[in-house]
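Chemist: Please read through the structure below; I'll follow up with questions.
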2 protein chains.
Amino acid sequence: MINSSSNKQIKNLSQLLKNAKTRRKQRVFVVEGRKMYQEVPEEQLLMTYVSESFYADPEHRKLLEGRQVEVVADRIFASVSDTVTPQGILCVVKQKEYQLEEILKDQQTPLLLVLENLQDPGNLGTIFRTAEAAGVQGILMSDDTVDIYNPKVIRSTMGSVYRVPFIYTADLYETVQELKQRGICTYAAHLKAEKEYTEQDYREASAFLIGNEGNGLSDKLTNVADEYIRISMAGKVESLNAAVAAAVLMFEAKRQRS
Amino acid sequence: MINSSSNKQIKNLSQLLKNAKTRRKQRVFVVEGRKMYQEVPEEQLLMTYVSESFYADPEHRKLLEGRQVEVVADRIFASVSDTVTPQGILCVVKQKEYQLEEILKDQQTPLLLVLENLQDPGNLGTIFRTAEAAGVQGILMSDDTVDIYNPKVIRSTMGSVYRVPFIYTADLYETVQELKQRGICTYAAHLKAEKEYTEQDYREASAFLIGNEGNGLSDKLTNVADEYIRISMAGKVESLNAAVAAAVLMFEAKRQRS
C-alpha cells in the first residue's frame, strides 16, 4: 500500500492531473470516479489506483478483477484527487491518436465539428457529450483549445471522450481546407450571416465551425468557410454559450438526417 | 472611502454574495463586473461600490454619473469580490417579483420553461441566456432549484436575469396544473417517451418541463404532464446536459414558430 505523498507514482499522478504538458509527454491521462472508470476501454487502461476504504468494500473488488491495482492510503488518495469528494478510484489511461483518414473512412456523409480556441473545460466536455448524442463522427480542434484530457473536461464528457474521435491540429485553417477538398461543406456560425441555420441542408457531408467563447471564430477561419449561418436570437442576447450554439446546430443536423 | 473589512456595508456585501437567505431576507442581490453593471435596470439599482483604482479612471466616472457610489480600498474590494480577477465594480440590486398572471398577459401562445430542482449554477445561468434568445416568456422553478441570485448564476445569465421573468414556487406540481388549466400544453422531456421532440407542434401555448441534472423529472411532475417527448441520442450517451436539452427543445419551438 502507498502511504507516502512523496511516493513516485503519487507525485506523477498529481502532475498528470495538473499539467497538460506532462500528459502529452507521457501520452496518458487520468480518469477519476467509478462510472468513468467502468467506461474506460480495456486496451487503454494502464494502471488503477484505489483508496484503502474503496478497496475494503467487497463489492468494489469485482470491479478490479484482472486489473493492475495499487491501494493508496485514504489521506494520500484524497490529497491527489482532483474532486472535492473523491470516490476512491482513479486510473491512468493511454491517450488515443486518431487520423482524419480513419475518421472519414466508411462515412458517406460525415458530420463533423471544428472547434477554434475553446477555453472553458465545461463547455468542451459538454460539446463532446452532445456531439456523440447528435451522431457526430469526429471533432477537430485548434492546438490552443483547452486540453481534452483536463480532468474537468474528462468528467463533463460523461464518457464520450472514449467514443468520439478527435484531432488537435496546429493549423486549423489547413485542416478546414482539407475538409473542403474532401467535399465536406463547412458552415461557419456567424452573427453577421444572412442565412438562418435552419435554411441549410446538412444531409450531405457537413462540418460546423465553432469559435472561442468570447471572440467567436477568427476572420481567417470565417473566410475559408463555404457557408455562413446565423442562429437568430430574440431579446437582447448578443450570443449563445458556445456549447449551446454547437448543440442547436448539431441537433438541427440530426433532425434533418433522421 | 471604505478602508476596513469590518465596515458594515462590506460585511453585508460578503453575506449577500455568499448567502441565499440573506439575499431573500433583504430582497436584493449583488451584481459584479462592468458589463453586467451597465445592464442593471435603473429602477432596481440601489447602491454601487467601486475600487479605488476603478474610480481613479476618468473613463469610469461617466459610468457612475448620477449614481449613489461608495469607493472601496482595492485590497478590501478584492477581498469581498466573488471573482478571481475583480473588475472593480459591483452593485446591490433590488430583486424583482413576477406574477404568473402578469407573465401571461398579452401572450396568445406563450412559450414557458419549467425547471425542477436544477442544481448547477452554470446550467441555470445558461438556461436563462438561452431562454431569452429562444423567445421564452417566463421560467417557473421549484423552490429547491439553485438560487438565480447566486453570483455564478448571475454571471452566466449574461444579463438575461434582468429580462426573463421567473417565479420560484413552493409547489411546482400545482403550478404546472395551473398552466394546464390555462390551456398551456405541458411537455415532459423523458427518456422513455415514445414521441420524438421534433414530432410535436409547439406553435400553440407550450411549456417544457426540465428535471434535475442527475435524476431527471420527478415521477409526480412527469405524471401531470400532457405530453412526453424524447430527444433521441446516438452512441452510448445516457442523457444530455440539462442546459443542452433545454436549448434543443426551446430552439425547436423557435424554429417551428418562425
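We name chains A, B, ... following the order of the C-alpha cells; residues begin at 1 in each chain, and ligands are numbered from 1 as shown.
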Write out as JSON, numbers by chain each polymer residue whose atoms come within 8 Å of B:Ile76, counting only C-alpha atoms; drop sequence neighbours fewer than 4 positions from it.
Modeler: {"B": [3, 4, 5, 72, 80]}
Chemist: Got a sec: who's within 9 Å of A:Pro165, counting only C-alpha atoms, leaving out chain neighbours fewer than 2 positions off, as a list of chain:residue names?
Modeler: A:Lys96, A:Glu97, A:Tyr98, A:Gln99, A:Ile103, A:Gln137, A:Gly138, A:Ile139, A:Leu140, A:Val161, A:Tyr162, A:Arg163, A:Ile167
Chemist: Counting only C-alpha atoms, which residues of chain B come no farther than 6 Å from chain A, as a short mmCIF file (atom, residue, chain, number, x, y, z; two decimals) with N, CA and C atoms, in the first residue's frame?
Modeler:
data_model
loop_
_atom_site.label_atom_id
_atom_site.label_comp_id
_atom_site.auth_asym_id
_atom_site.auth_seq_id
_atom_site.Cartn_x
_atom_site.Cartn_y
_atom_site.Cartn_z
N GLU B 132 -33.96 33.47 -23.18
CA GLU B 132 -34.22 34.79 -23.75
C GLU B 132 -34.01 34.75 -25.26
N ALA B 133 -32.91 34.11 -25.68
CA ALA B 133 -32.59 34.02 -27.12
C ALA B 133 -33.66 33.26 -27.89
N ALA B 134 -34.28 32.28 -27.25
CA ALA B 134 -35.28 31.46 -27.93
C ALA B 134 -36.68 32.08 -27.85
N GLY B 135 -36.80 33.20 -27.17
CA GLY B 135 -38.09 33.88 -27.08
C GLY B 135 -39.03 33.33 -26.02
N MET B 233 -30.92 9.91 -28.89
CA MET B 233 -29.48 10.13 -28.87
C MET B 233 -28.74 8.99 -29.54
N ALA B 234 -27.74 9.35 -30.34
CA ALA B 234 -26.88 8.36 -30.97
C ALA B 234 -25.83 7.91 -29.95
N GLY B 235 -25.05 6.89 -30.30
CA GLY B 235 -23.95 6.45 -29.46
C GLY B 235 -24.43 5.86 -28.15
N VAL B 237 -24.68 7.64 -25.24
CA VAL B 237 -24.99 8.72 -24.32
C VAL B 237 -26.27 8.40 -23.56
N VAL B 244 -28.31 21.83 -22.24
CA VAL B 244 -28.31 21.45 -23.66
C VAL B 244 -29.68 20.92 -24.06
N VAL B 248 -32.07 22.56 -26.93
CA VAL B 248 -32.54 21.83 -28.11
C VAL B 248 -34.06 21.96 -28.23
#
Chemist: So that I can see what lies close to stretch 176-191 of chain B, please list as number ranges by chain the residues with an atom at most 9 Å from it, counting only C-alpha atoms and leaving out residues fewer than 2 positions away in the same chain.
Modeler: B: 109-112, 114, 140, 171-174, 193-194, 197, 202, 204-211, 216-217, 221-232, 238-239, 245-246, 249
Chemist: Please tabulate, as a Markdown table, the residues of stretch 114-172 of chain B that come within 12 Å of stretch 11-27 of chain B, each with its closest pair of atoms and the distance in Å to one decimal, counting only C-alpha atoms and ordering rows by chain, then residue number upward.
Modeler:
| residue | atom | partner | partner_atom | distance |
| --- | --- | --- | --- | --- |
| B:Asp143 | CA | B:Ala20 | CA | 12.0 |
| B:Asp144 | CA | B:Ala20 | CA | 11.8 |
| B:Thr145 | CA | B:Ala20 | CA | 11.7 |
| B:Val146 | CA | B:Ala20 | CA | 9.3 |
| B:Asp147 | CA | B:Ala20 | CA | 6.7 |
| B:Ile148 | CA | B:Ala20 | CA | 9.3 |
| B:Tyr149 | CA | B:Ala20 | CA | 7.4 |
| B:Asn150 | CA | B:Ala20 | CA | 7.0 |
| B:Pro151 | CA | B:Leu17 | CA | 6.4 |
| B:Lys152 | CA | B:Leu17 | CA | 9.7 |
| B:Val153 | CA | B:Leu17 | CA | 11.5 |
| B:Ile154 | CA | B:Leu17 | CA | 10.8 |
| B:Tyr168 | CA | B:Arg24 | CA | 11.8 |
Chemist: Selection from above, C-alpha atoms, as an mmCIF file, in the first residue's frame, can you write it?
Modeler:
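Everything below was put into out26.cif:
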data_model
loop_
_atom_site.group_PDB
_atom_site.id
_atom_site.type_symbol
_atom_site.label_atom_id
_atom_site.label_comp_id
_atom_site.auth_asym_id
_atom_site.auth_seq_id
_atom_site.Cartn_x
_atom_site.Cartn_y
_atom_site.Cartn_z
ATOM 1 C CA ASP B 143 -38.071 26.221 -4.568
ATOM 2 C CA ASP B 144 -35.205 23.725 -4.370
ATOM 3 C CA THR B 145 -33.662 24.923 -7.626
ATOM 4 C CA VAL B 146 -30.334 26.731 -7.225
ATOM 5 C CA ASP B 147 -30.797 30.432 -6.397
ATOM 6 C CA ILE B 148 -30.948 32.602 -9.510
ATOM 7 C CA TYR B 149 -29.238 35.336 -7.448
ATOM 8 C CA ASN B 150 -26.183 33.159 -6.772
ATOM 9 C CA PRO B 151 -23.256 35.221 -8.178
ATOM 10 C CA LYS B 152 -22.180 32.424 -10.526
ATOM 11 C CA VAL B 153 -25.711 32.097 -11.931
ATOM 12 C CA ILE B 154 -25.983 35.877 -12.359
ATOM 13 C CA TYR B 168 -39.902 30.300 -7.680
#
Chemist: Per DSSP on the backbone, filter stretch 12-175 of chain B down to the residues in strand (DSSP E or B) and report them as a ChimeraX atom specification.
Modeler: /B:28-32,45-51,69-72,89-94,111-115,138-142,166-169
Chemist: Please, could you write that set of residues out with N, CA, C and O atoms as a CSV table (one decimal), in the first residue's frame?
Modeler:
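part-v7.csv, written as the output of this step:
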chain,number,residue,atom,x,y,z
B,28,VAL,N,-32.6,41.7,-2.1
B,28,VAL,CA,-31.6,42.3,-3.0
B,28,VAL,C,-30.6,41.2,-3.5
B,28,VAL,O,-30.6,40.1,-3.0
B,29,PHE,N,-29.8,41.5,-4.4
B,29,PHE,CA,-28.7,40.7,-4.8
B,29,PHE,C,-27.5,41.5,-5.3
B,29,PHE,O,-27.7,42.8,-5.5
B,30,VAL,N,-26.4,40.9,-5.5
B,30,VAL,CA,-25.2,41.6,-5.9
B,30,VAL,C,-24.8,41.3,-7.3
B,30,VAL,O,-24.8,40.1,-7.7
B,31,VAL,N,-24.4,42.3,-8.1
B,31,VAL,CA,-24.0,42.1,-9.5
B,31,VAL,C,-22.6,42.6,-9.6
B,31,VAL,O,-22.3,43.7,-9.1
B,32,GLU,N,-21.7,41.8,-10.2
B,32,GLU,CA,-20.3,42.3,-10.3
B,32,GLU,C,-19.9,42.4,-11.8
B,32,GLU,O,-20.4,41.7,-12.7
B,45,LEU,N,-31.5,49.4,-9.3
B,45,LEU,CA,-30.2,49.7,-8.8
B,45,LEU,C,-30.2,50.5,-7.5
B,45,LEU,O,-30.8,51.6,-7.4
B,46,LEU,N,-29.7,49.9,-6.4
B,46,LEU,CA,-29.7,50.5,-5.1
B,46,LEU,C,-28.4,51.3,-4.7
B,46,LEU,O,-28.4,52.4,-4.3
B,47,MET,N,-27.3,50.6,-4.9
B,47,MET,CA,-26.0,51.1,-4.4
B,47,MET,C,-24.9,50.6,-5.3
B,47,MET,O,-24.9,49.4,-5.6
B,48,THR,N,-23.9,51.4,-5.6
B,48,THR,CA,-22.8,51.0,-6.4
B,48,THR,C,-21.5,51.1,-5.5
B,48,THR,O,-21.3,52.1,-4.8
B,49,TYR,N,-20.6,50.1,-5.6
B,49,TYR,CA,-19.3,50.1,-5.0
B,49,TYR,C,-18.3,49.9,-6.0
B,49,TYR,O,-18.3,49.0,-6.9
B,50,VAL,N,-17.3,50.8,-5.9
B,50,VAL,CA,-16.1,50.7,-6.9
B,50,VAL,C,-14.8,50.6,-6.1
B,50,VAL,O,-14.7,51.2,-5.0
B,51,SER,N,-13.8,50.0,-6.7
B,51,SER,CA,-12.5,50.0,-6.1
B,51,SER,C,-11.8,51.4,-6.3
B,51,SER,O,-12.2,52.1,-7.3
B,69,VAL,N,-22.6,56.1,-5.0
B,69,VAL,CA,-21.4,55.3,-5.1
B,69,VAL,C,-20.6,55.4,-3.8
B,69,VAL,O,-20.5,56.5,-3.2
B,70,GLU,N,-20.1,54.2,-3.5
B,70,GLU,CA,-19.1,54.2,-2.4
B,70,GLU,C,-17.8,53.7,-3.0
B,70,GLU,O,-17.7,52.7,-3.7
B,71,VAL,N,-16.7,54.4,-2.7
B,71,VAL,CA,-15.4,53.9,-3.1
B,71,VAL,C,-14.7,53.1,-2.0
B,71,VAL,O,-14.9,53.4,-0.8
B,72,VAL,N,-14.1,51.9,-2.5
B,72,VAL,CA,-13.6,51.0,-1.5
B,72,VAL,C,-12.1,50.7,-1.8
B,72,VAL,O,-11.7,50.6,-3.0
B,89,ILE,N,-15.9,46.9,-9.9
B,89,ILE,CA,-17.2,47.5,-9.7
B,89,ILE,C,-18.3,46.4,-9.4
B,89,ILE,O,-18.3,45.3,-10.0
B,90,LEU,N,-19.1,46.7,-8.4
B,90,LEU,CA,-20.2,45.8,-8.1
B,90,LEU,C,-21.3,46.6,-7.5
B,90,LEU,O,-21.1,47.8,-7.1
B,91,CYS,N,-22.5,46.1,-7.5
B,91,CYS,CA,-23.6,46.9,-7.0
B,91,CYS,C,-24.7,46.0,-6.4
B,91,CYS,O,-24.7,44.8,-6.6
B,92,VAL,N,-25.5,46.7,-5.6
B,92,VAL,CA,-26.6,46.0,-4.9
B,92,VAL,C,-27.9,46.3,-5.7
B,92,VAL,O,-28.2,47.5,-6.0
B,93,VAL,N,-28.6,45.3,-6.0
B,93,VAL,CA,-29.8,45.4,-6.9
B,93,VAL,C,-31.0,44.8,-6.3
B,93,VAL,O,-30.9,43.8,-5.6
B,94,LYS,N,-32.1,45.5,-6.4
B,94,LYS,CA,-33.4,45.1,-5.9
B,94,LYS,C,-33.9,43.9,-6.6
B,94,LYS,O,-33.9,43.8,-7.8
B,111,LEU,N,-44.6,30.7,-24.6
B,111,LEU,CA,-43.6,29.6,-24.5
B,111,LEU,C,-42.9,29.7,-23.2
B,111,LEU,O,-42.3,30.7,-22.9
B,112,LEU,N,-43.1,28.7,-22.3
B,112,LEU,CA,-42.6,28.7,-21.0
B,112,LEU,C,-41.6,27.6,-20.7
B,112,LEU,O,-41.6,26.6,-21.4
B,113,LEU,N,-40.8,27.8,-19.7
B,113,LEU,CA,-39.9,26.7,-19.2
B,113,LEU,C,-40.2,26.4,-17.7
B,113,LEU,O,-40.4,27.4,-17.0
B,114,VAL,N,-40.2,25.1,-17.4
B,114,VAL,CA,-40.5,24.8,-16.0
B,114,VAL,C,-39.3,23.9,-15.5
B,114,VAL,O,-39.0,22.9,-16.1
B,115,LEU,N,-38.6,24.4,-14.5
B,115,LEU,CA,-37.4,23.7,-14.1
B,115,LEU,C,-37.5,23.1,-12.7
B,115,LEU,O,-37.9,23.8,-11.7
B,138,GLY,N,-41.2,33.2,-19.9
B,138,GLY,CA,-41.1,33.1,-18.4
B,138,GLY,C,-40.5,31.7,-18.0
B,138,GLY,O,-40.7,30.7,-18.7
B,139,ILE,N,-39.9,31.7,-16.9
B,139,ILE,CA,-39.3,30.5,-16.3
B,139,ILE,C,-39.9,30.2,-14.9
B,139,ILE,O,-39.8,31.1,-14.1
B,140,LEU,N,-40.4,29.0,-14.7
B,140,LEU,CA,-41.0,28.7,-13.4
B,140,LEU,C,-40.1,27.6,-12.8
B,140,LEU,O,-39.8,26.6,-13.5
B,141,MET,N,-39.8,27.8,-11.6
B,141,MET,CA,-38.8,26.9,-10.9
B,141,MET,C,-39.3,26.5,-9.6
B,141,MET,O,-40.0,27.2,-8.8
B,142,SER,N,-38.9,25.2,-9.2
B,142,SER,CA,-39.2,24.7,-7.9
B,142,SER,C,-38.3,25.4,-6.9
B,142,SER,O,-37.2,25.8,-7.2
B,166,PHE,N,-39.3,35.3,-14.1
B,166,PHE,CA,-39.2,34.0,-13.5
B,166,PHE,C,-40.0,34.0,-12.1
B,166,PHE,O,-40.2,35.0,-11.5
B,167,ILE,N,-40.4,32.8,-11.7
B,167,ILE,CA,-41.1,32.6,-10.5
B,167,ILE,C,-40.5,31.4,-9.8
B,167,ILE,O,-40.4,30.3,-10.4
B,168,TYR,N,-40.2,31.5,-8.5
B,168,TYR,CA,-39.9,30.3,-7.7
B,168,TYR,C,-41.2,29.9,-7.0
B,168,TYR,O,-41.9,30.7,-6.5
B,169,THR,N,-41.5,28.6,-7.0
B,169,THR,CA,-42.7,28.2,-6.4
B,169,THR,C,-42.5,27.0,-5.5
B,169,THR,O,-41.7,26.1,-5.7
Chemist: What does the distance from atom CA of A:Gln95 to atom CA of A:Leu124 come to in Å, to one decimal?
Modeler: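 Spanning atom CA of A:Gln95 to atom CA of A:Leu124 is a straight-line distance of 17.2 Å.
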Chemist: List every residue of stretch 34-229 of chain A that DSSP, applied to the backbone, labels as alpha helix (DSSP H), and write the result as a PyMOL selection string.
Modeler: chain A and resi 34-38+52-56+58-64+74-80+100-104+121-134+151-157+172-181+219-224
Chemist: One decimal, in Å: what's the spacing between atom CA of A:Glu59 and atom CA of A:Asp82?
Modeler: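 Between atom CA of A:Glu59 and atom CA of A:Asp82 the gap is 23.9 Å.
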